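Structure file input.tsv (TSV, C-alpha atoms) follows.
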```tsv
chain	number	residue	atom	x	y	z
W	16	MET	CA	27.34	9.38	-18.78
W	17	ALA	CA	24.67	8.75	-16.13
W	18	ASP	CA	25.25	5.00	-16.20
W	19	ARG	CA	28.85	5.55	-15.07
W	20	THR	CA	28.00	7.31	-11.80
W	21	LEU	CA	27.15	4.35	-9.57
W	22	VAL	CA	30.35	4.30	-7.51
W	23	PRO	CA	28.75	5.84	-4.35
W	24	VAL	CA	25.80	3.44	-4.43
W	25	GLN	CA	25.91	0.47	-2.08
W	26	GLU	CA	26.02	-2.68	-4.22
W	27	LEU	CA	25.47	-6.29	-3.18
W	28	HIS	CA	25.22	-9.48	-5.22
W	29	ASP	CA	22.97	-12.51	-4.54
W	30	ALA	CA	21.31	-10.27	-1.97
W	31	PRO	CA	18.39	-11.57	0.12
W	32	LEU	CA	15.22	-9.58	-0.54
W	33	ALA	CA	13.09	-11.02	2.27
W	34	PRO	CA	14.56	-8.64	4.91
W	35	LEU	CA	13.45	-5.70	2.77
W	36	THR	CA	9.78	-6.71	2.91
W	37	THR	CA	7.28	-6.69	5.76
W	38	PHE	CA	6.26	-10.23	4.83
W	39	ARG	CA	9.90	-11.31	5.27
W	40	LEU	CA	9.46	-13.50	2.21
W	41	GLY	CA	11.20	-13.88	-1.14
W	42	GLY	CA	14.46	-15.12	-2.63
W	43	THR	CA	17.56	-13.22	-3.65
W	44	ALA	CA	18.28	-10.56	-6.25
W	45	ASP	CA	21.16	-10.96	-8.66
W	46	ARG	CA	22.18	-7.46	-7.65
W	47	LEU	CA	20.94	-5.01	-5.04
W	48	LEU	CA	21.69	-1.29	-5.21
W	49	THR	CA	20.81	1.17	-2.46
W	50	ALA	CA	20.44	4.77	-3.65
W	51	THR	CA	20.39	7.71	-1.23
W	52	THR	CA	19.98	10.59	-3.70
W	53	ASP	CA	17.69	11.26	-6.64
W	54	ALA	CA	20.73	11.35	-8.92
W	55	GLU	CA	21.75	7.87	-7.80
W	56	VAL	CA	18.21	6.59	-8.37
W	57	ILE	CA	18.11	8.02	-11.88
W	58	ALA	CA	21.59	6.69	-12.70
W	59	ALA	CA	20.69	3.19	-11.54
W	60	VAL	CA	17.44	3.17	-13.52
W	61	HIS	CA	19.18	4.53	-16.60
W	62	GLU	CA	21.89	1.89	-16.37
W	63	ALA	CA	19.34	-0.94	-16.09
W	64	ASP	CA	17.27	0.40	-18.98
W	65	THR	CA	20.31	0.94	-21.20
W	66	SER	CA	21.64	-2.56	-20.57
W	67	GLY	CA	18.22	-4.22	-20.76
W	68	THR	CA	18.52	-5.51	-17.19
W	69	PRO	CA	15.22	-6.26	-15.40
W	70	LEU	CA	14.67	-3.71	-12.62
W	71	LEU	CA	12.76	-4.03	-9.36
W	72	VAL	CA	12.24	-0.82	-7.39
W	73	VAL	CA	11.91	-1.36	-3.64
W	74	GLY	CA	10.78	1.23	-1.13
W	75	GLY	CA	9.58	0.21	2.32
W	76	GLY	CA	8.68	-3.29	1.10
W	77	SER	CA	5.26	-3.17	2.75
W	78	ASN	CA	3.36	-3.92	-0.44
W	79	LEU	CA	5.55	-6.56	-2.06
W	80	VAL	CA	5.14	-10.31	-2.49
W	81	ILE	CA	8.41	-11.62	-3.95
W	82	GLY	CA	8.67	-15.16	-5.26
W	83	ASP	CA	10.84	-17.77	-3.59
W	84	LYS	CA	13.12	-17.79	-6.64
W	85	GLY	CA	13.87	-14.13	-6.09
W	86	PHE	CA	14.55	-11.61	-8.83
W	87	ALA	CA	16.79	-12.19	-11.82
W	88	GLY	CA	18.00	-8.65	-12.31
W	89	THR	CA	18.78	-5.48	-10.37
W	90	ALA	CA	16.79	-4.56	-7.30
W	91	LEU	CA	17.00	-0.85	-6.51
W	92	ARG	CA	16.27	0.13	-2.93
W	93	ILE	CA	15.31	3.79	-2.68
W	94	ALA	CA	16.67	5.23	0.57
W	95	THR	CA	16.50	8.94	-0.24
W	96	ARG	CA	15.69	11.41	2.52
W	97	GLY	CA	14.05	14.81	2.48
W	98	PHE	CA	11.27	16.50	4.46
W	99	GLU	CA	10.65	20.06	3.28
W	100	LEU	CA	7.77	21.97	4.85
W	101	SER	CA	6.88	25.50	3.79
W	102	GLY	CA	3.65	26.77	5.27
W	103	THR	CA	1.10	24.12	4.34
W	104	THR	CA	3.15	22.76	1.43
W	105	LEU	CA	5.08	19.56	2.05
W	106	GLU	CA	7.57	17.81	-0.20
W	107	LEU	CA	8.82	14.34	0.73
W	108	ALA	CA	11.63	12.36	-0.80
W	109	ALA	CA	10.46	8.95	-1.99
W	110	GLY	CA	12.54	7.13	0.61
W	111	GLU	CA	11.13	8.98	3.61
W	112	VAL	CA	9.45	6.70	6.16
W	113	TRP	CA	5.76	7.46	5.81
W	114	THR	CA	4.77	7.02	9.44
W	115	ASP	CA	7.50	9.43	10.56
W	116	ALA	CA	6.40	12.00	7.99
W	117	VAL	CA	2.80	11.83	9.20
W	118	ALA	CA	3.94	12.35	12.79
W	119	ARG	CA	5.95	15.43	11.80
W	120	THR	CA	3.02	17.04	9.97
W	121	VAL	CA	0.82	16.53	13.02
W	122	GLU	CA	3.51	18.04	15.25
W	123	ALA	CA	3.50	21.03	12.89
W	124	GLY	CA	-0.24	21.42	13.48
W	125	LEU	CA	-1.26	20.51	9.93
W	126	ALA	CA	-4.20	18.38	8.80
W	127	GLY	CA	-4.76	16.09	5.85
W	128	ILE	CA	-2.84	12.88	6.49
W	129	GLU	CA	-3.22	12.35	10.25
W	130	CYS	CA	-5.57	9.39	9.73
W	131	LEU	CA	-2.94	7.70	7.54
W	132	ALA	CA	-0.73	7.20	10.60
W	133	GLY	CA	0.85	3.81	11.15
W	134	ILE	CA	0.78	2.73	7.50
W	135	PRO	CA	4.13	1.04	6.85
W	136	GLY	CA	6.24	1.84	3.84
W	137	SER	CA	7.84	4.82	2.15
W	138	ALA	CA	6.45	8.13	0.94
W	139	GLY	CA	7.20	7.29	-2.68
W	140	ALA	CA	4.79	4.36	-2.61
W	141	THR	CA	1.82	6.42	-1.45
W	142	PRO	CA	0.81	7.86	-4.84
W	143	ILE	CA	1.37	4.54	-6.60
W	144	GLN	CA	-1.21	2.77	-4.48
W	145	ASN	CA	-3.24	5.89	-3.70
W	146	VAL	CA	-2.80	4.90	-0.08
W	147	GLY	CA	-5.86	5.39	2.07
W	148	ALA	CA	-7.33	4.41	5.42
W	149	TYR	CA	-9.82	5.66	7.98
W	150	GLY	CA	-11.51	8.06	5.61
W	151	GLN	CA	-8.44	9.68	4.04
W	152	GLU	CA	-6.59	9.06	0.77
W	153	VAL	CA	-3.36	10.69	-0.34
W	154	SER	CA	-5.01	11.63	-3.64
W	155	SER	CA	-7.01	14.30	-1.80
W	156	VAL	CA	-3.85	16.16	-0.74
W	157	ILE	CA	-1.20	15.31	-3.35
W	158	THR	CA	-0.53	18.34	-5.56
W	159	GLY	CA	2.24	16.84	-7.66
W	160	VAL	CA	4.61	13.91	-8.07
W	161	VAL	CA	8.18	14.29	-9.30
W	162	ALA	CA	9.19	11.13	-11.15
W	163	TYR	CA	11.76	9.79	-13.57
W	164	ASP	CA	10.03	8.92	-16.83
W	165	ARG	CA	11.82	5.85	-18.17
W	166	ARG	CA	10.22	6.22	-21.59
W	167	ALA	CA	11.24	9.85	-22.11
W	168	ARG	CA	14.41	9.40	-20.00
W	169	GLU	CA	13.82	12.63	-18.14
W	170	THR	CA	12.50	13.90	-14.84
W	171	VAL	CA	8.88	15.05	-15.00
W	172	THR	CA	6.34	16.52	-12.60
W	173	LEU	CA	2.83	15.09	-12.79
W	174	THR	CA	-0.14	17.06	-11.51
W	175	ASN	CA	-2.79	15.44	-9.35
W	176	GLU	CA	-5.02	15.08	-12.39
W	177	GLU	CA	-2.23	13.51	-14.45
W	178	CYS	CA	-1.72	10.90	-11.72
W	179	ALA	CA	-5.20	9.49	-12.60
W	180	PHE	CA	-6.00	8.47	-9.05
W	181	SER	CA	-8.82	6.08	-8.23
W	182	TYR	CA	-9.50	3.59	-5.45
W	183	ARG	CA	-6.09	2.02	-4.60
W	184	HIS	CA	-4.96	2.81	-8.12
W	185	SER	CA	-3.07	5.41	-10.12
W	186	ARG	CA	-1.29	6.05	-13.39
W	187	PHE	CA	1.88	4.75	-11.73
W	188	LYS	CA	0.23	1.43	-10.99
W	189	ALA	CA	-1.30	1.29	-14.47
W	190	GLU	CA	2.11	1.89	-16.07
W	191	PRO	CA	4.45	0.08	-13.65
W	192	GLU	CA	7.43	0.05	-16.03
W	193	ARG	CA	7.32	3.75	-16.88
W	194	PHE	CA	7.70	5.97	-13.81
W	195	VAL	CA	10.00	5.88	-10.77
W	196	VAL	CA	8.73	8.23	-8.07
W	197	LEU	CA	11.39	10.60	-6.72
W	198	ARG	CA	9.41	13.12	-4.65
W	199	VAL	CA	5.82	13.70	-3.62
W	200	ARG	CA	4.24	17.11	-2.95
W	201	PHE	CA	1.27	17.63	-0.65
W	202	GLY	CA	-1.04	20.53	0.07
W	203	LEU	CA	-2.07	20.26	3.72
W	204	GLU	CA	-4.43	22.38	5.82
W	205	ASP	CA	-3.74	24.69	8.73
W	206	ALA	CA	-6.81	24.16	10.88
W	207	GLY	CA	-5.27	25.47	14.08
W	208	GLY	CA	-4.04	22.07	15.16
W	209	MET	CA	-7.35	20.38	14.43
W	210	SER	CA	-7.81	17.40	12.13
W	211	ALA	CA	-9.57	17.29	8.82
W	212	PRO	CA	-13.25	16.38	9.24
W	213	LEU	CA	-13.48	12.74	10.37
W	214	ARG	CA	-15.09	10.81	7.54
W	215	TYR	CA	-14.74	7.27	8.88
W	216	ALA	CA	-17.43	6.03	11.24
W	217	GLU	CA	-15.11	3.83	13.30
W	218	THR	CA	-12.71	6.69	13.97
W	219	ALA	CA	-15.50	9.09	14.94
W	220	ARG	CA	-17.09	6.47	17.16
W	221	ALA	CA	-13.80	5.71	18.90
W	222	MET	CA	-13.38	9.42	19.62
W	223	GLY	CA	-16.95	9.93	20.76
W	224	VAL	CA	-17.84	12.50	18.08
W	225	GLU	CA	-20.08	12.66	15.03
W	226	GLN	CA	-18.79	11.92	11.55
W	227	GLY	CA	-17.61	15.16	9.98
W	228	ALA	CA	-16.39	16.61	13.26
W	229	ARG	CA	-12.87	17.94	13.73
W	230	VAL	CA	-10.74	16.88	16.67
W	231	PRO	CA	-7.16	17.69	17.66
W	232	ALA	CA	-4.99	16.22	14.90
W	233	ALA	CA	-2.70	14.59	17.46
W	234	ASP	CA	-5.68	12.84	19.04
W	235	ALA	CA	-6.89	11.63	15.64
W	236	ARG	CA	-3.44	10.22	14.88
W	237	ALA	CA	-3.22	8.50	18.28
W	238	THR	CA	-6.69	6.99	17.86
W	239	VAL	CA	-5.89	5.63	14.41
W	240	LEU	CA	-2.63	4.13	15.68
W	241	LYS	CA	-4.55	2.39	18.47
W	242	LEU	CA	-7.19	1.09	16.06
W	243	ARG	CA	-4.55	-0.15	13.62
W	244	ALA	CA	-2.52	-1.82	16.36
W	245	GLY	CA	-5.62	-3.67	17.51
W	246	LYS	CA	-5.86	-5.14	14.01
W	247	GLY	CA	-2.16	-6.01	13.74
W	248	MET	CA	-1.64	-3.21	11.22
W	249	VAL	CA	1.25	-1.43	12.96
W	250	LEU	CA	4.64	-3.05	12.45
W	251	ASP	CA	6.00	-4.96	15.44
W	252	PRO	CA	8.83	-7.45	14.85
W	253	GLU	CA	7.66	-9.50	17.83
W	254	ASP	CA	4.10	-9.84	16.55
W	255	HIS	CA	3.66	-12.23	13.62
W	256	ASP	CA	0.27	-10.68	12.90
W	257	THR	CA	2.24	-7.73	11.53
W	258	TRP	CA	4.43	-9.91	9.28
W	259	SER	CA	2.09	-9.05	6.46
W	260	ALA	CA	1.31	-6.50	3.78
W	261	GLY	CA	-1.60	-5.12	5.76
W	262	SER	CA	-4.80	-5.55	3.79
W	263	PHE	CA	-4.06	-8.30	1.28
W	264	PHE	CA	-7.21	-7.75	-0.80
W	265	THR	CA	-8.93	-4.59	-1.99
W	266	ASN	CA	-12.58	-4.01	-1.23
W	267	PRO	CA	-14.59	-5.15	-4.28
W	268	VAL	CA	-16.40	-2.45	-6.26
W	269	LEU	CA	-19.46	-3.91	-8.00
W	270	ASP	CA	-21.69	-2.54	-10.74
W	271	GLU	CA	-25.49	-2.72	-10.36
W	272	ALA	CA	-25.85	-6.20	-11.86
W	273	GLU	CA	-22.91	-7.61	-9.92
W	274	TYR	CA	-24.20	-6.10	-6.69
W	275	ALA	CA	-27.70	-7.50	-7.20
W	276	ALA	CA	-26.23	-10.96	-7.86
W	277	PHE	CA	-24.06	-10.63	-4.76
W	278	LEU	CA	-27.02	-9.69	-2.56
W	279	SER	CA	-28.92	-12.71	-3.86
W	280	ARG	CA	-26.01	-15.04	-3.07
W	281	ALA	CA	-25.57	-13.48	0.37
W	282	ALA	CA	-29.26	-13.92	1.20
W	283	GLU	CA	-29.16	-17.51	-0.02
W	284	ARG	CA	-26.12	-18.31	2.11
W	285	LEU	CA	-26.76	-16.23	5.23
W	286	GLY	CA	-30.48	-15.51	5.26
W	287	ALA	CA	-32.59	-12.60	4.04
W	288	GLY	CA	-32.03	-10.64	7.25
W	289	VAL	CA	-28.30	-10.25	6.70
W	290	THR	CA	-27.22	-7.00	5.06
W	291	PRO	CA	-23.65	-6.92	3.71
W	292	PRO	CA	-21.62	-3.73	4.16
W	293	ALA	CA	-22.23	-1.34	1.27
W	294	PHE	CA	-20.76	2.04	0.38
W	295	PRO	CA	-21.51	4.20	-2.69
W	296	ALA	CA	-18.61	4.13	-5.15
W	297	GLY	CA	-19.92	6.43	-7.88
W	298	ASP	CA	-21.37	5.72	-11.32
W	299	GLY	CA	-24.00	3.43	-9.82
W	300	ARG	CA	-21.37	1.17	-8.31
W	301	THR	CA	-21.20	-0.16	-4.74
W	302	LYS	CA	-18.16	-1.02	-2.68
W	303	THR	CA	-18.41	-3.87	-0.19
W	304	SER	CA	-16.06	-5.19	2.45
W	305	ALA	CA	-13.42	-7.78	1.55
W	306	ALA	CA	-12.93	-8.55	5.26
W	307	TRP	CA	-16.67	-9.28	5.64
W	308	LEU	CA	-16.64	-11.55	2.58
W	309	ILE	CA	-13.64	-13.49	3.84
W	310	ASP	CA	-15.13	-13.98	7.29
W	311	LYS	CA	-18.59	-14.98	6.04
W	312	ALA	CA	-17.03	-17.43	3.58
W	313	GLY	CA	-15.59	-19.29	6.57
W	314	PHE	CA	-12.07	-17.88	6.76
W	315	THR	CA	-12.06	-16.53	10.27
W	316	LYS	CA	-9.27	-14.87	12.23
W	317	GLY	CA	-6.30	-17.21	12.65
W	318	TYR	CA	-7.46	-19.51	9.83
W	319	GLY	CA	-4.86	-21.96	8.59
W	320	THR	CA	-2.62	-24.68	9.93
W	321	GLY	CA	0.67	-23.96	8.18
W	322	PRO	CA	3.28	-21.20	8.51
W	323	ALA	CA	1.10	-18.80	6.49
W	324	ARG	CA	-2.24	-17.99	8.10
W	325	ILE	CA	-4.88	-15.30	8.37
W	326	SER	CA	-4.06	-12.80	11.08
W	327	THR	CA	-5.50	-13.51	14.51
W	328	LYS	CA	-6.56	-9.85	14.66
W	329	HIS	CA	-7.97	-9.11	11.19
W	330	THR	CA	-9.33	-11.35	8.45
W	331	LEU	CA	-8.03	-9.07	5.70
W	332	ALA	CA	-4.37	-9.69	6.56
W	333	LEU	CA	-2.49	-12.80	5.47
W	334	THR	CA	0.57	-13.37	7.61
W	335	ASN	CA	3.88	-15.19	7.83
W	336	ARG	CA	3.94	-16.94	11.18
W	337	GLY	CA	7.67	-17.51	10.80
W	338	GLY	CA	9.31	-19.97	8.43
W	339	ALA	CA	6.73	-19.52	5.68
W	340	SER	CA	7.61	-19.48	2.00
W	341	THR	CA	6.00	-17.28	-0.61
W	342	GLU	CA	4.30	-20.38	-2.03
W	343	ASP	CA	2.77	-21.04	1.41
W	344	LEU	CA	1.35	-17.53	1.36
W	345	LEU	CA	0.04	-17.82	-2.20
W	346	ALA	CA	-1.60	-21.16	-1.47
W	347	LEU	CA	-3.53	-19.52	1.37
W	348	ALA	CA	-4.43	-16.51	-0.79
W	349	ARG	CA	-5.72	-18.75	-3.58
W	350	GLU	CA	-7.78	-20.75	-1.11
W	351	VAL	CA	-9.40	-17.56	0.20
W	352	VAL	CA	-10.08	-16.22	-3.30
W	353	ALA	CA	-11.66	-19.50	-4.39
W	354	GLY	CA	-13.72	-19.78	-1.22
W	355	VAL	CA	-15.11	-16.25	-1.42
W	356	HIS	CA	-15.98	-16.69	-5.10
W	357	ALA	CA	-17.72	-20.00	-4.41
W	358	ALA	CA	-19.72	-18.44	-1.57
W	359	PHE	CA	-20.65	-15.07	-3.04
W	360	GLY	CA	-19.63	-14.98	-6.72
W	361	VAL	CA	-17.20	-12.12	-6.01
W	362	THR	CA	-13.56	-12.32	-7.07
W	363	LEU	CA	-11.10	-10.75	-4.66
W	364	VAL	CA	-8.10	-8.89	-6.07
W	365	ASN	CA	-4.78	-8.79	-4.27
W	366	GLU	CA	-3.55	-5.37	-3.15
W	367	PRO	CA	0.21	-6.11	-2.85
W	368	VAL	CA	2.37	-6.13	-5.95
W	369	THR	CA	3.61	-9.61	-6.89
W	370	VAL	CA	7.11	-10.17	-8.24
W	371	GLY	CA	7.81	-13.36	-10.17
W	372	VAL	CA	4.59	-14.95	-8.96
W	373	SER	CA	0.82	-14.46	-9.30
W	374	LEU	CA	-2.39	-15.68	-7.74
```

Spell out the structure here as C-alpha cells.
Amino acid sequence: MADRTLVPVQELHDAPLAPLTTFRLGGTADRLLTATTDAEVIAAVHEADTSGTPLLVVGGGSNLVIGDKGFAGTALRIATRGFELSGTTLELAAGEVWTDAVARTVEAGLAGIECLAGIPGSAGATPIQNVGAYGQEVSSVITGVVAYDRRARETVTLTNEECAFSYRHSRFKAEPERFVVLRVRFGLEDAGGMSAPLRYAETARAMGVEQGARVPAADARATVLKLRAGKGMVLDPEDHDTWSAGSFFTNPVLDEAEYAAFLSRAAERLGAGVTPPAFPAGDGRTKTSAAWLIDKAGFTKGYGTGPARISTKHTLALTNRGGASTEDLLALAREVVAGVHAAFGVTLVNEPVTVGVSL
C-alpha cells in the first residue's frame, strides 16, 4: 500500500517551520516529512488523506505566512529534483529552485522566463500563484502541469487551459486542498539567444530600449536581478529587507464603478492633478498599483517601529527585521489594509498564503 512506503522519507517531530520560510516566521509542525521523489510525495499525501491528518505542503516557503502556533498536522516539504530540457520544451520537478532553473534556460539560449529571474521559491509553486514579474507570467509558457489529484487519488496532467490561470491566480489556488503539483512543463522560445519582447516599461527603460524590443536574454536576466535587488526582492540572509514574501499585496483590479470611485477619492485626497497608475485589465476593468496606494496612504518605506516593518527599499514588502512574530507581521498588514481603505476605498488582498491565521 502507498501509505506504507514512507521509510526513505526524512521525518521529524515538533519541527520548526520558520526556517523553511523566507519570512522566518511560524511555529512548529507536529510532523515534518521531506520527500525527494514524486513517489514519496504521493505516498505522504495519500497517508495523510487516508488517516484524516491535516496536510501542509511546503515548497520554497517564499509565499507562506505560518501562524505562531504552527501547524497541527503533517507538513510535507517537497524537495524533488529534475531539470529536463528537450529543444524548447522544459520539464521541472516541483522542488527545483526556480531562480536556478531560470538561469539554466538563459544559458541554453531560450526565452520566455528570463524576466522571472530572482523570484524565490520552487518551480512547483509557479503555476499555483501564476507567478509573474517585469512583464512575464508563467501562464504564457506553461503547457501542462503534472499533479496528484487528492480527490481522484491519481496522477493527472492538466493543460494550460485546465489550469484556469488569471492574475496571480489559478485552479490550484482556487482548489487548495485538491492538487499537489509534481512537475511543470514549459514551452520556451529559441530566439537565437535573444529575450522575449520586453513588455515592462521599467525593464525597457533600464536597458535603454523601447518596449517590445528584444535584447540578449542574459542581459534581460541580469537587468531584472539588479532591479529586484534594488527593491530587496532577491534573497540575502544578511539583508532584513529580504526577510519577506516579496510583494505582500496583489495589485487591485477594479471594475468601472470601483475605479471611478477610486479616482474621486484620490483627487479628493491628493488633488485633481494627481493621476494614479492605471493598466487595462480586460472586461472594462483597470489594475492599479498596490505599492502606490500604500505609499500615498502614508505608509512609506521603512514604516513601523516594531520588529515587523515595511521594507526600506519597497513599500509593497512587509519584512521581519529579526525577532518578529507572525502576529507582529499581521498587525502591520492589518494596519496597512485599514489605512489604504480609509484613504482610497480600496481593499488590499494579501498575496502570500496564510496558515492558521488570517488578516

If you count only C-alpha atoms, the residue of W:Val80, W:Val249, W:Leu48, W:Leu40 closest to Thr369 in chain W turns out to be W:Val80

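For the set W:Arg349, W:Arg280, W:Arg96, W:Arg186, the residue with the smallest atom-to-atom gap to Val361 in chain W is W:Arg280, counting only C-alpha atoms.
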
query: Gly110 in chain W: which residues within 7 Å, counting only C-alpha atoms, same-chain residues fewer than 5 positions away excluded, as a list in words?
result: Gly74, Ile93, Ala94, Thr95, Arg96, Ser137, Ala138 and Gly139 of chain W

Residues within 9 Å of Thr68 in chain W, please, as a ChimeraX atom specification. Count all atoms listed in the file; anything in the same chain fewer than 6 positions from it doesn't count. /W:62,87-89

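The space between CA of Leu278 in chain W and CA of Phe314 in chain W spans 19.4 Å.
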
Closest pair table for range 193-305 of chain W residues within 6 Å of range 163-168 of chain W, all atoms listed in the file, as a tab-separated table:
```
residue	atom	partner	partner_atom	distance
W:Arg193	CA	W:Arg165	CA	5.1
W:Phe194	CA	W:Asp164	CA	4.8
W:Val195	CA	W:Tyr163	CA	5.1
```

#### Entry: Selection near Thr320 in chain W, 12 Å with all atoms listed in the file, sequence-local residues under 5 positions removed, as a list in words
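These residues fall inside the cut-off: Ile325, Thr334, Asn335, Arg336, Ala339, Asp343, Leu344, Ala346 and Leu347 of chain W.
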
Quick one: pull the distance between CA of Ala260 in chain W and CA of Leu242 in chain W, Å, one decimal.
->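 Calculated distance between CA of Ala260 in chain W and CA of Leu242 in chain W is 16.8 Å.
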
When you look at Ala232 in chain W with a cut-off of 8 Å (counting all atoms listed in the file), what residues show up, excluding the ones that are within fewer than 4 positions of it in the same chain? I need them as a count of residues only. 10

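Atom pair CA of Ala358 in chain W / CA of Gly247 in chain W has a distance of 26.4 Å (rounded to one decimal).
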
Using all atoms listed in the file, can you tell me which of W:Gly319, W:Pro367, W:Gly85, W:Pro135 comes closest to Glu350 in chain W?
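Ranked by minimum distance to Glu350 in chain W, first place goes to W:Gly319.
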
Enclose all atoms of range 76-84 of chain W listed in the file in an axis-aligned box, grow every side by 6 Å, and hand back centre and edge lengths in Å to one decimal, as AutoDock Vina command-line options.
```
--center_x 8.2 --center_y -10.5 --center_z -1.9 --size_x 21.8 --size_y 26.6 --size_z 21.4
```

Nearest to Thr141 in chain W by atom-to-atom distance, counting only C-alpha atoms, from W:Ile57, W:Ala50, W:Leu107, W:Leu100 |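 Between W:Ile57, W:Ala50, W:Leu107, W:Leu100, the residue approaching Thr141 in chain W most closely is W:Leu107.
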
### Distance criterion (all atoms listed in the file): nearest to Thr37 in chain W out of W:Gly337, W:Gly207, W:Gly299, W:Gly102
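Distance minimum relative to Thr37 in chain W lands on W:Gly337.
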
Using all atoms listed in the file, what does the table of range 230-286 of chain W residues within 9 Å of range 212-218 of chain W look like, with each row giving the shortest atom pair and its distance in Å to one decimal, sorted by chain and ascending number, as JSON lines?
```
{"residue": "W:Val230", "atom": "CA", "partner": "W:Pro212", "partner_atom": "CA", "distance": 7.9}
{"residue": "W:Ala235", "atom": "CA", "partner": "W:Thr218", "partner_atom": "CA", "distance": 7.8}
{"residue": "W:Thr238", "atom": "CA", "partner": "W:Thr218", "partner_atom": "CA", "distance": 7.2}
{"residue": "W:Val239", "atom": "CA", "partner": "W:Thr218", "partner_atom": "CA", "distance": 6.9}
{"residue": "W:Leu242", "atom": "CA", "partner": "W:Thr218", "partner_atom": "CA", "distance": 8.1}
```

Nearest to Ala221 in chain W, restricted to only C-alpha atoms and choosing among W:Tyr149, W:Phe38, W:Trp113, W:Phe264, comes out as W:Tyr149

For range 201-276 of chain W versus range 172-181 of chain W, which residues have an atom no more than 12 Å away, and what is each residue's nearest atom pair and distance in Å rounded to one decimal, using only C-alpha atoms, chain-then-number order, as CSV?
```
residue,atom,partner,partner_atom,distance
W:Phe201,CA,W:Asn175,CA,9.8
W:Gly202,CA,W:Asn175,CA,10.8
W:Val268,CA,W:Ser181,CA,11.6
```

Notebook entry, point to check: Which residues, written as a PyMOL selection string, have at least one atom at most 7 Å from Leu331 in chain W, with all atoms listed in the file counted and residues fewer than 3 positions away on the same chain left out?
Noted result: chain W and resi 262-264+305-306
